[in-house]
$ cat coords37.txt   # compact mmCIF, C-alpha atoms
# COMPACT_ATOMS: atom_id res chain seq x y z
CA MET A 310 79.23 213.80 102.89
CA THR A 311 79.09 210.56 104.86
CA GLU A 312 82.14 208.44 105.31
CA ALA A 313 82.23 205.46 102.97
CA ARG A 314 81.49 202.17 104.73
CA ALA A 315 84.72 200.26 105.13
CA THR A 316 84.14 197.09 103.18
CA VAL A 317 86.41 194.63 101.48
CA GLY A 318 85.12 195.80 98.12
CA ALA A 319 85.89 199.43 98.95
CA LEU A 320 89.58 198.63 99.09
CA SER A 321 91.45 198.90 95.83
CA ARG A 322 92.80 195.69 94.40
CA GLU A 323 96.33 196.77 95.21
CA THR A 324 95.53 197.87 98.75
CA LEU A 325 93.68 194.67 99.52
CA ALA A 326 96.51 192.51 98.18
CA ARG A 327 99.10 194.53 100.08
CA ARG A 328 97.23 194.31 103.36
CA LEU A 329 96.49 190.62 102.95
CA ALA A 330 100.19 190.03 102.35
CA GLY A 331 101.11 192.17 105.35
CA ASP A 332 99.33 192.51 108.68
CA GLY A 333 96.10 191.18 107.19
CA ILE A 334 92.57 192.50 107.29
CA ALA A 335 89.86 191.69 109.82
CA VAL A 336 86.58 190.80 108.13
CA ARG A 337 83.34 190.82 110.11
CA THR A 338 80.91 188.04 109.20
CA GLY A 339 77.91 188.43 111.47
CA PRO A 340 79.03 188.02 115.08
CA PHE A 341 82.52 186.84 114.13
CA VAL A 342 85.63 188.71 113.13
CA THR A 343 88.31 186.81 111.23
CA ARG A 344 91.74 188.25 110.58
CA LEU A 345 92.99 187.04 107.23
CA ARG A 346 96.61 187.04 106.11
CA LEU A 347 96.62 185.69 102.59
CA PRO A 348 99.73 186.45 100.55
CA LEU A 349 98.32 184.84 97.41
CA ASP A 350 97.07 186.96 94.52
CA GLU A 351 94.33 184.54 93.57
CA LEU A 352 92.93 184.53 97.12
CA ALA A 353 92.97 188.30 97.20
CA ALA A 354 90.99 188.36 93.96
CA SER A 355 88.49 185.79 95.23
CA LEU A 356 88.06 187.65 98.49
CA ARG A 357 87.43 190.88 96.63
CA LEU A 358 84.75 189.17 94.57
CA LEU A 359 83.02 187.05 97.22
CA TYR A 360 83.44 189.23 100.31
CA ALA A 361 83.07 192.62 98.63
CA ASP A 362 80.14 193.70 100.82
CA PHE A 363 81.55 192.55 104.16
CA PRO A 364 82.74 195.13 106.68
CA VAL A 365 86.41 195.46 107.43
CA ASP A 366 86.72 195.59 111.20
CA SER A 367 89.19 198.08 112.60
CA SER A 368 88.70 197.40 116.31
CA GLY A 369 91.91 195.41 116.53
CA PHE A 370 90.11 192.38 117.91
CA ALA A 371 89.57 189.18 115.96
CA ASP A 372 87.93 185.93 117.01
CA PHE A 373 90.11 183.92 114.65
CA ASP A 374 93.35 184.46 112.82
CA VAL A 375 93.73 182.58 109.54
CA THR A 376 97.01 182.74 107.67
CA ALA A 377 97.93 181.13 104.36
CA ARG A 378 101.57 180.25 103.82
CA ARG A 379 103.26 179.20 100.62
CA LEU A 380 105.23 176.02 100.67
CA GLY A 381 107.31 174.56 97.86
CA ARG A 382 106.06 172.59 94.86
CA GLY A 383 102.72 174.31 94.47
CA LYS A 384 101.57 173.61 98.00
CA ILE A 385 100.17 175.93 100.62
CA GLU A 386 99.10 175.54 104.21
CA PHE A 387 96.79 177.38 106.53
CA LEU A 388 97.67 178.37 110.07
CA ILE A 389 95.12 179.14 112.76
CA ASP A 390 96.31 181.62 115.36
CA GLY A 391 99.80 180.87 114.07
CA GLU A 392 99.56 177.12 114.52
CA ARG A 393 99.48 174.38 111.90
CA ARG A 394 96.09 172.69 112.06
CA PHE A 395 95.71 171.17 108.62
CA ALA A 396 97.78 169.20 106.17
CA PRO A 397 99.24 171.17 103.25
CA VAL A 398 97.04 171.34 100.15
CA ALA A 399 97.53 172.12 96.48
CA ARG A 400 97.43 175.83 95.77
CA GLY A 401 94.64 175.18 93.28
CA ILE A 402 92.19 174.54 96.08
CA ALA A 403 93.24 177.50 98.23
CA LEU A 404 89.80 179.12 98.24
CA PRO A 405 87.73 176.12 99.40
CA MET A 406 90.47 175.36 101.93
CA LEU A 407 90.23 178.92 103.26
CA GLU A 408 86.47 178.53 103.66
CA TRP A 409 86.88 175.20 105.42
CA ALA A 410 89.53 176.68 107.68
CA ILE A 411 87.14 179.46 108.72
CA ASN A 412 84.40 176.87 109.26
CA TRP A 413 86.81 174.87 111.41
CA CYS A 414 87.46 177.96 113.55
CA LEU A 415 83.75 178.47 114.06
CA TYR A 416 82.92 174.98 115.21
CA THR A 417 86.12 174.54 117.18
CA PHE A 418 86.14 177.79 119.12
CA SER A 419 82.66 179.35 119.11
CA HIS A 420 81.07 177.57 122.01
CA GLN A 421 79.28 180.68 123.19
CA TYR A 422 76.76 179.56 120.57
CA LEU A 423 74.97 176.31 119.97
CA LEU A 424 76.16 175.41 116.48
CA ILE A 425 74.22 173.07 114.24
CA HIS A 426 75.41 171.87 110.85
CA ALA A 427 72.59 173.37 108.84
CA ALA A 428 71.68 175.79 106.09
CA VAL A 429 69.63 178.72 107.34
CA VAL A 430 67.62 181.29 105.40
CA GLU A 431 64.99 183.77 106.52
CA ARG A 432 61.75 185.09 105.15
CA LYS A 433 58.95 187.05 106.79
CA GLY A 434 61.03 187.39 109.94
CA ARG A 435 61.35 183.66 110.60
CA ALA A 436 64.31 181.44 109.93
CA LEU A 437 64.11 178.18 108.03
CA VAL A 438 66.69 175.68 109.27
CA MET A 439 67.63 172.84 106.93
CA THR A 440 69.72 170.03 108.30
CA GLY A 441 70.39 166.42 107.50
CA ARG A 442 72.91 164.04 106.11
CA PRO A 443 75.66 165.21 103.73
CA GLY A 444 74.48 165.20 100.14
CA ALA A 445 70.87 165.98 101.01
CA GLY A 446 71.19 169.23 99.09
CA LYS A 447 71.22 171.77 101.91
CA SER A 448 73.61 174.22 100.28
CA THR A 449 71.97 173.90 96.87
CA LEU A 450 68.52 174.52 98.32
CA CYS A 451 69.96 177.39 100.32
CA ALA A 452 71.42 179.01 97.20
CA ALA A 453 68.18 178.50 95.27
CA LEU A 454 66.10 180.04 98.06
CA VAL A 455 68.49 182.98 98.33
CA GLY A 456 68.09 183.40 94.58
CA ARG A 457 64.34 183.68 95.20
CA GLY A 458 64.81 186.49 97.68
CA TRP A 459 65.21 184.70 100.99
CA ARG A 460 67.78 186.26 103.31
CA LEU A 461 70.95 184.21 103.68
CA PHE A 462 72.08 183.30 107.17
CA SER A 463 74.49 180.49 106.33
CA ASP A 464 74.72 177.37 104.20
CA GLU A 465 76.76 175.65 106.90
CA PHE A 466 75.86 176.79 110.41
CA ALA A 467 72.81 177.50 112.50
CA VAL A 468 74.36 179.89 115.04
CA ILE A 469 72.05 179.88 118.04
CA SER A 470 72.20 181.87 121.27
CA PRO A 471 71.51 179.14 123.81
CA ASP A 472 69.93 181.54 126.31
CA ASP A 473 67.25 183.04 124.09
CA GLY A 474 67.18 180.81 120.99
CA ARG A 475 67.88 183.56 118.48
CA LEU A 476 69.72 182.60 115.29
CA TRP A 477 72.52 184.81 114.03
CA PRO A 478 73.39 185.35 110.38
CA ILE A 479 76.87 184.95 108.99
CA ALA A 480 76.04 185.34 105.28
CA ARG A 481 79.37 184.00 104.06
CA PRO A 482 79.55 182.63 100.50
CA ILE A 483 77.59 179.46 99.77
CA ALA A 484 79.71 176.44 98.88
CA LEU A 485 78.34 174.59 95.87
CA LYS A 486 79.63 171.23 94.80
CA ASN A 487 79.78 169.34 91.51
CA ASP A 488 76.48 169.36 89.58
CA SER A 489 75.00 171.98 91.90
CA ILE A 490 77.32 174.60 90.45
CA GLU A 491 75.69 174.46 87.02
CA ARG A 492 72.21 174.00 88.46
CA ILE A 493 72.51 177.21 90.44
CA ARG A 494 74.05 179.05 87.50
CA ARG A 495 70.99 178.09 85.47
CA LEU A 496 68.42 178.71 88.20
CA VAL A 497 69.61 181.90 89.85
CA ALA A 498 69.78 184.80 87.44
CA GLY A 499 72.62 187.12 88.32
CA ALA A 500 74.30 184.66 90.67
CA VAL A 501 77.92 185.65 91.22
CA LEU A 502 80.14 182.63 91.56
CA GLY A 503 83.82 182.56 92.36
CA PRO A 504 86.37 180.37 90.64
CA THR A 505 85.73 176.63 90.47
CA SER A 506 88.26 174.48 92.31
CA ASP A 507 88.64 170.98 90.95
CA ASP A 508 89.97 167.98 92.79
CA THR A 509 88.99 168.85 96.32
CA HIS A 510 88.07 165.97 98.60
CA LYS A 511 84.45 166.92 97.90
CA GLY A 512 84.89 167.12 94.14
CA ARG A 513 84.45 170.40 92.26
CA VAL A 514 83.63 173.36 94.49
CA ALA A 515 82.59 176.92 93.69
CA HIS A 516 81.23 179.61 95.98
CA MET A 517 78.23 181.83 95.41
CA ARG A 518 78.46 185.38 96.70
CA ALA A 519 75.90 186.36 99.31
CA PRO A 520 73.44 189.07 98.27
CA ALA A 521 74.53 192.49 99.50
CA ALA A 522 71.21 192.88 101.34
CA SER A 523 71.92 189.73 103.39
CA VAL A 524 75.40 190.94 104.29
CA ARG A 525 74.12 194.36 105.32
CA ARG A 526 71.61 192.75 107.68
CA ALA A 527 74.15 190.43 109.28
CA ASP A 528 73.49 192.00 112.68
CA GLU A 529 69.77 191.14 112.60
CA PRO A 530 69.01 187.79 114.25
CA ALA A 531 65.77 185.87 113.80
CA ARG A 532 63.90 183.11 115.55
CA ALA A 533 63.43 179.77 113.87
CA GLY A 534 60.01 179.03 112.41
CA TRP A 535 60.68 175.85 110.49
CA ILE A 536 63.07 172.95 110.73
CA VAL A 537 63.24 170.99 107.48
CA PHE A 538 65.10 167.76 106.81
CA PRO A 539 65.68 167.54 103.05
CA ASN A 540 66.02 164.21 101.30
CA ARG A 541 66.73 163.89 97.61
CA ALA A 542 64.88 161.19 95.72
CA ASP A 543 65.15 159.96 92.14
CA ASP A 544 61.64 161.03 91.29
CA GLY A 545 58.38 162.28 92.72
CA VAL A 546 56.78 165.58 93.58
CA ALA A 547 58.26 167.60 96.44
CA ALA A 548 56.39 166.74 99.61
CA LEU A 549 56.56 167.96 103.19
CA ALA A 550 55.63 165.62 106.03
CA PRO A 551 55.58 166.34 109.78
CA VAL A 552 58.35 164.88 111.92
CA PRO A 553 57.52 164.05 115.57
CA GLY A 554 59.23 166.31 118.07
CA GLY A 555 61.33 163.65 119.74
CA ARG A 556 62.82 162.48 116.48
CA ALA A 557 63.33 166.07 115.33
CA PHE A 558 65.16 166.72 118.58
CA PHE A 559 67.65 163.94 117.95
CA ARG A 560 68.19 164.87 114.34
CA LEU A 561 69.04 168.41 115.40
CA ALA A 562 71.25 167.30 118.27
CA ASP A 563 73.00 164.74 116.08
CA ASN A 564 73.83 167.48 113.59
CA ALA A 565 75.08 169.88 116.24
CA PHE A 566 78.80 170.55 116.49
CA ASN A 567 78.71 171.26 120.21
CA TYR A 568 75.39 170.09 121.72
CA HIS A 569 77.20 168.17 124.44
CA PHE A 570 79.32 171.15 125.32
CA HIS A 571 76.24 173.10 126.43
CA GLY A 572 74.81 170.45 128.75
CA ALA A 573 71.37 171.25 130.16
CA ALA A 574 71.35 174.66 128.45
CA GLY A 575 71.80 172.95 125.08
CA PHE A 576 68.98 170.54 125.89
CA GLU A 577 66.68 173.42 126.80
CA ALA A 578 67.68 175.38 123.71
CA VAL A 579 66.89 172.50 121.36
CA CYS A 580 63.60 171.84 123.18
CA ARG A 581 62.56 175.49 122.78
CA MET A 582 63.53 175.42 119.13
CA ILE A 583 61.44 172.32 118.42
CA ASP A 584 58.50 173.83 120.30
CA ALA A 585 58.68 176.99 118.24
CA CYS A 586 58.99 175.29 114.86
CA ASP A 587 57.12 173.18 112.39
CA CYS A 588 59.42 170.18 111.90
CA LEU A 589 59.13 168.61 108.48
CA ASP A 590 60.70 166.09 106.15
CA LEU A 591 61.15 167.39 102.63
CA GLY A 592 61.36 164.73 99.96
CA TYR A 593 62.19 166.11 96.54
CA ALA A 594 63.63 165.21 93.19
CA ASP A 595 63.52 168.57 91.46
CA LEU A 596 65.22 171.63 92.93
CA GLU A 597 62.70 174.17 91.65
CA ASP A 598 59.86 172.00 92.89
CA ALA A 599 61.42 171.91 96.37
CA VAL A 600 61.91 175.67 96.40
CA ALA A 601 58.28 176.18 95.42
CA ALA A 602 57.18 173.83 98.22
CA LEU A 603 59.18 175.82 100.78
CA ASP A 604 57.81 179.10 99.43
CA ARG A 605 54.29 177.74 99.85
CA LEU A 606 55.10 176.52 103.34
CA VAL A 607 56.16 179.96 104.46
CA ASP A 608 53.23 181.54 102.69
CA GLY A 609 51.00 179.20 104.67
CA GLU A 610 49.45 177.62 101.64
CA ALA A 611 50.37 174.00 102.09
CA ARG A 612 52.25 171.40 103.99
CA MET B 1256 48.72 134.87 140.57
CA THR B 1257 48.34 134.39 144.29
CA ASP B 1258 51.56 136.23 144.93
CA ARG B 1259 50.42 139.10 142.71
CA ARG B 1260 47.05 139.48 144.45
CA GLU B 1261 48.74 139.48 147.83
CA ARG B 1262 51.10 142.24 146.81
CA ASP B 1263 48.32 144.33 145.33
CA SER B 1264 46.16 143.99 148.40
CA ASP B 1265 49.05 144.97 150.63
CA GLY B 1266 49.11 148.42 149.06
CA GLU B 1267 51.74 151.10 149.45
CA ALA B 1268 53.36 149.78 152.59
CA ARG B 1269 54.28 146.52 150.88
CA ARG B 1270 55.42 148.27 147.70
CA GLY B 1271 57.92 150.37 149.59
CA ALA B 1272 59.30 147.38 151.46
CA PRO B 1273 61.14 144.94 149.22
CA ARG B 1274 61.55 141.39 150.38
CA PRO B 1275 64.93 140.58 151.90
CA GLY B 1276 67.46 140.07 149.15
CA GLU B 1277 65.15 141.50 146.49
CA THR B 1278 66.75 143.79 143.90
CA VAL B 1279 65.57 147.36 144.06
CA TRP B 1280 65.89 149.77 141.14
CA ARG B 1281 66.91 153.27 142.08
CA ARG B 1282 68.16 156.49 140.56
CA PRO B 1283 71.97 156.44 140.55
CA ASP B 1284 73.74 158.92 142.78
CA GLY B 1285 74.35 162.24 141.06
CA VAL B 1286 71.85 161.72 138.27
CA ARG B 1287 69.67 164.73 137.55
CA LEU B 1288 67.14 164.47 134.78
CA SER B 1289 65.44 167.10 132.63
CA TRP B 1290 62.30 165.98 130.84
CA LYS B 1291 60.57 167.13 127.69
CA VAL B 1292 57.38 165.55 126.38
CA PHE B 1293 56.71 165.73 122.64
CA ASP B 1294 53.34 164.05 122.28
CA ASP B 1295 54.06 160.33 122.63
CA GLU B 1296 57.85 160.75 122.57
CA ILE B 1297 59.74 161.79 125.66
CA VAL B 1298 63.26 163.19 125.62
CA VAL B 1299 65.28 163.01 128.83
CA PHE B 1300 68.58 164.75 129.50
CA ASN B 1301 70.87 163.32 132.15
CA ALA B 1302 73.03 166.16 133.45
CA PHE B 1303 75.32 163.68 135.19
CA SER B 1304 76.33 161.80 132.05
CA GLY B 1305 75.58 164.52 129.51
CA GLN B 1306 73.58 161.98 127.54
CA THR B 1307 70.13 162.54 126.05
CA HIS B 1308 67.65 159.70 125.70
CA LEU B 1309 64.53 159.20 123.61
CA LEU B 1310 61.86 157.24 125.46
CA ASP B 1311 58.44 155.91 124.62
CA GLY B 1312 55.55 156.29 127.06
CA PHE B 1313 56.13 152.98 128.84
CA SER B 1314 59.85 153.54 129.40
CA ALA B 1315 59.24 157.10 130.54
CA LEU B 1316 56.74 155.94 133.15
CA VAL B 1317 59.16 153.32 134.47
CA LEU B 1318 61.87 155.93 134.78
CA GLU B 1319 59.49 158.36 136.44
CA GLU B 1320 58.55 155.73 139.02
CA ILE B 1321 62.18 154.99 139.79
CA GLU B 1322 62.98 158.68 140.02
CA HIS B 1323 60.09 159.12 142.45
CA ALA B 1324 61.18 156.30 144.74
CA PRO B 1325 63.31 153.14 144.56
CA ALA B 1326 61.23 150.10 143.68
CA SER B 1327 61.60 146.43 143.01
CA ARG B 1328 60.79 145.00 139.62
CA ASP B 1329 57.63 143.39 141.01
CA ALA B 1330 56.50 146.62 142.62
CA LEU B 1331 57.05 148.46 139.34
CA ALA B 1332 55.10 145.78 137.48
CA ALA B 1333 52.21 146.13 139.91
CA ARG B 1334 52.08 149.88 139.47
CA LEU B 1335 52.24 149.69 135.68
CA ALA B 1336 49.84 146.78 135.23
CA GLY B 1337 46.73 148.91 135.21
CA ARG B 1338 48.17 151.57 132.95
CA PHE B 1339 49.41 149.58 129.97
CA ASP B 1340 47.59 146.91 128.06
CA LEU B 1341 50.45 144.61 127.20
CA GLY B 1342 48.46 141.41 127.29
CA ASP B 1343 49.31 139.31 130.29
CA ALA B 1344 51.56 139.77 133.30
CA ALA B 1345 54.34 137.79 131.65
CA ALA B 1346 54.42 140.18 128.69
CA LEU B 1347 54.52 143.14 131.02
CA ALA B 1348 57.33 141.59 133.05
CA GLU B 1349 59.31 140.83 129.91
CA ARG B 1350 58.95 144.39 128.65
CA LEU B 1351 59.85 145.77 132.06
CA ASP B 1352 62.96 143.62 132.29
CA ALA B 1353 64.12 144.86 128.91
CA VAL B 1354 63.55 148.48 129.87
CA LEU B 1355 65.33 148.10 133.21
CA ALA B 1356 68.29 146.41 131.57
CA GLU B 1357 68.51 149.27 129.10
CA PHE B 1358 68.32 151.85 131.90
CA ASP B 1359 71.10 150.00 133.71
CA ARG B 1360 73.25 150.13 130.57
CA GLN B 1361 72.51 153.82 130.05
CA GLY B 1362 73.19 154.80 133.65
CA LEU B 1363 69.60 155.87 134.29
CA ALA B 1364 68.84 153.25 136.97
CA ASP B 1365 70.88 151.11 139.33
CA PRO B 1366 69.91 147.63 140.50
CA THR B 1367 70.81 147.35 144.17
CA VAL B 1368 70.10 144.93 146.97
CA PRO B 1369 69.38 146.85 150.17
CA ASN B 1370 71.57 146.02 153.11
CA PRO B 1371 69.24 144.61 155.80
CA ALA B 1372 71.58 145.94 158.47
CA ALA B 1373 71.20 149.47 157.24
CA PRO B 1374 68.83 151.72 159.18
$ encode --input "coords37.txt" --output "structure tokens"
Amino acid sequence: MTEARATVGALSRETLARRLAGDGIAVRTGPFVTRLRLPLDELAASLRLLYADFPVDSSGFADFDVTARRLGRGKIEFLIDGERRFAPVARGIALPMLEWAINWCLYTFSHQYLLIHAAVVERKGRALVMTGRPGAGKSTLCAALVGRGWRLFSDEFAVISPDDGRLWPIARPIALKNDSIERIRRLVAGAVLGPTSDDTHKGRVAHMRAPAASVRRADEPARAGWIVFPNRADDGVAALAPVPGGRAFFRLADNAFNYHFHGAAGFEAVCRMIDACDCLDLGYADLEDAVAALDRLVDGEAR
Amino acid sequence: MTDRRERDSDGEARRGAPRPGETVWRRPDGVRLSWKVFDDEIVVFNAFSGQTHLLDGFSALVLEEIEHAPASRDALAARLAGRFDLGDAAALAERLDAVLAEFDRQGLADPTVPNPAAP
């Protein structure tokens, strides 16, 4: 009999809550290990739902340490490595705040990688990187593509090894906002969504659980094949149009969290990425239409 | 026009020898550039400043000339005249002045007046 894989979901509800309220548990998300100390029952329940398939790391090492602390009057705060980094928030938005706190750790501390604000999915061994302005629909497209069988890397970060250009998956839950929550519920059969948090600074937020298959393959990197810049329009058929390399370069660099940190190595990494990819604008009005266009792109049927 | 013909006919020796008091454009000390050509767009990384710049073909050629060797504005204009169809010499000079001013602002080129006493 093989030993059961130590995952968050393998822990009983009581054990998980007890450990989160005590020394915490270290959760591995791709190349990162985050120690979580969350003495809040609702966060324990959300973690058990959304992170069920993620490995619990027992090495004793963690890249980040995230602790939630109760304050008075329905407020909580999050500490990073024991230090206050954020203003207190209402307990009702604890889950999105936890996700943002983990994101903050990644882009603040993880300079061994070139980090670009992007949604990344993979199919046929190549990664599709979607980046652009906030509100362009990156996370929604990401969730819809994952619902169609693409492998989830991240809805928030392209994690790139600057020396060889490989992208690393994280496969954490996908953050959906406002109308996207219902759109994904309708579009993705079997989507598992966590609780909806109202009144965040981004409106309503709910998180979609990553497919177990994506989480299991979180140690398999991929090279980028496509860089897509989505743009939502009021109407029209989804259309892909080439973007010149120089402009694509600046759009990527502008959306990077730490391009300047890497200096010449970052410049070379972005150059190699542009060289290796088809760079395309995606104009779309309808989510399913956009997903079909990206499916066709990867199948080589159309631009 | 006479002045231009004289400079052209003088060839390389004249180009490398600015007139006394003439401004020469040169690569600033410490600047190291990495280049990447994407069709007609050129991206240049300046390791000294950490800045990345997007250049068109004309600007890239001006920068390449300055990186190769310091040159006066007139010498640059002479070298570029046969390579870009910008209408007349005045249009070329106007475009060149704008590019050089931008390079000065971005730290990609320095306008200097050589010291005649220097060896």
$ residues_around --input "coords37.txt" --residues "stretch 1305-1310 of chain B" --least-positions-apart "4" --cutoff "7 Å" --atoms "all atoms listed in the file" --output "PDB file with C-alpha atoms, keeping the file's coordinate frame"
ATOM      1  CA  GLY A 555      61.330 163.650 119.740  1.00  0.00           C
ATOM      2  CA  HIS A 569      77.200 168.170 124.440  1.00  0.00           C
ATOM      3  CA  GLY A 572      74.810 170.450 128.750  1.00  0.00           C
TER       4      GLY A 572
ATOM      5  CA  GLU B1296      57.850 160.750 122.570  1.00  0.00           C
ATOM      6  CA  ILE B1297      59.740 161.790 125.660  1.00  0.00           C
ATOM      7  CA  VAL B1298      63.260 163.190 125.620  1.00  0.00           C
ATOM      8  CA  VAL B1299      65.280 163.010 128.830  1.00  0.00           C
ATOM      9  CA  PHE B1300      68.580 164.750 129.500  1.00  0.00           C
ATOM     10  CA  ASN B1301      70.870 163.320 132.150  1.00  0.00           C
ATOM     11  CA  SER B1314      59.850 153.540 129.400  1.00  0.00           C
ATOM     12  CA  ALA B1315      59.240 157.100 130.540  1.00  0.00           C
TER      13      ALA B1315
END
$ closest_atom_pairs --input "coords37.txt" --of "chain A" --to "chain B" --cutoff "9 Å" --atoms "all atoms listed in the file" --output "Markdown table"
| residue | atom | partner | partner_atom | distance |
| --- | --- | --- | --- | --- |
| A:Pro553 | CA | B:Phe1293 | CA | 7.3 |
| A:Gly554 | CA | B:Phe1293 | CA | 5.3 |
| A:Gly555 | CA | B:Glu1296 | CA | 5.3 |
| A:Arg556 | CA | B:Leu1309 | CA | 8.0 |
| A:Phe558 | CA | B:Val1298 | CA | 8.1 |
| A:Phe559 | CA | B:Leu1309 | CA | 8.0 |
| A:His569 | CA | B:Gly1305 | CA | 6.5 |
| A:Phe570 | CA | B:Gly1305 | CA | 8.7 |
| A:Gly572 | CA | B:Gly1305 | CA | 6.0 |
| A:Ala573 | CA | B:Ala1302 | CA | 6.3 |
| A:Phe576 | CA | B:Phe1300 | CA | 6.8 |
| A:Glu577 | CA | B:Ser1289 | CA | 8.7 |
| A:Cys580 | CA | B:Lys1291 | CA | 7.2 |
| A:Asp584 | CA | B:Phe1293 | CA | 8.6 |
$ axis_aligned_box --input "coords37.txt" --around "stretch 1336-1342 of chain B" --padding-each-side "6 Å" --output "lines of an AutoDock Vina configuration file"
center_x = 48.6
center_y = 146.5
center_z = 131.2
size_x = 15.7
size_y = 22.2
size_z = 20.0
$ atom_distance --input "coords37.txt" --atom1 "atom CA of B:Arg1360" --atom2 "atom CA of A:Gly575"
23.5 Å
$ atom_distance --input "coords37.txt" --atom1 "atom CA of A:Asn540" --atom2 "atom CA of A:Gly446"
7.5 Å
$ residues_around --input "coords37.txt" --residues "A:Arg518" --least-positions-apart "2" --cutoff "8 Å" --atoms "only C-alpha atoms" --output "list of chain:residue names"
A:Leu358, A:Leu359, A:Tyr360, A:Arg481, A:Pro482, A:Ile483, A:Ala500, A:Val501, A:Leu502, A:Gly503, A:His516, A:Pro520
$ atom_distance --input "coords37.txt" --atom1 "atom CA of B:Pro1283" --atom2 "atom CA of A:Ala562"
24.8 Å
$ residues_around --input "coords37.txt" --residues "B:Phe1358" --least-positions-apart "5" --cutoff "10 Å" --atoms "all atoms listed in the file" --output "list of chain:residue names"
B:Trp1280, B:Arg1282, B:Ser1314, B:Val1317, B:Leu1318, B:Asp1352, B:Ala1353, B:Leu1363, B:Ala1364, B:Asp1365, B:Pro1366
$ residues_around --input "coords37.txt" --residues "stretch 417-431 of chain A" --least-positions-apart "6" --cutoff "6 Å" --atoms "all atoms listed in the file" --output "short mmCIF file (atom, residue, chain, number, x, y, z; two decimals) with C-alpha atoms, in the coordinates of the input"
data_model
loop_
_atom_site.label_atom_id
_atom_site.label_comp_id
_atom_site.auth_asym_id
_atom_site.auth_seq_id
_atom_site.Cartn_x
_atom_site.Cartn_y
_atom_site.Cartn_z
CA LEU A 437 64.11 178.18 108.03
CA VAL A 438 66.69 175.68 109.27
CA MET A 439 67.63 172.84 106.93
CA THR A 440 69.72 170.03 108.30
CA LYS A 447 71.22 171.77 101.91
CA TRP A 459 65.21 184.70 100.99
CA ARG A 460 67.78 186.26 103.31
CA LEU A 461 70.95 184.21 103.68
CA PHE A 462 72.08 183.30 107.17
CA SER A 463 74.49 180.49 106.33
CA ASP A 464 74.72 177.37 104.20
CA GLU A 465 76.76 175.65 106.90
CA PHE A 466 75.86 176.79 110.41
CA ALA A 467 72.81 177.50 112.50
CA VAL A 468 74.36 179.89 115.04
CA ILE A 469 72.05 179.88 118.04
CA SER A 470 72.20 181.87 121.27
CA PRO A 471 71.51 179.14 123.81
CA ASN A 564 73.83 167.48 113.59
CA ALA A 565 75.08 169.88 116.24
CA PHE A 566 78.80 170.55 116.49
#
$ residues_around --input "coords37.txt" --residues "B:Leu1351" --least-positions-apart "6" --cutoff "10 Å" --atoms "all atoms listed in the file" --output "VMD selection string"
chain B and resid 1313 to 1314 1317 1328 to 1329 1331 to 1332 1335 1345 1357
$ closest_residue --input "coords37.txt" --among "A:Arg442, A:Thr338, A:Leu404, A:Gly369" --to "A:Asp350" --atoms "all atoms listed in the file"
A:Leu404
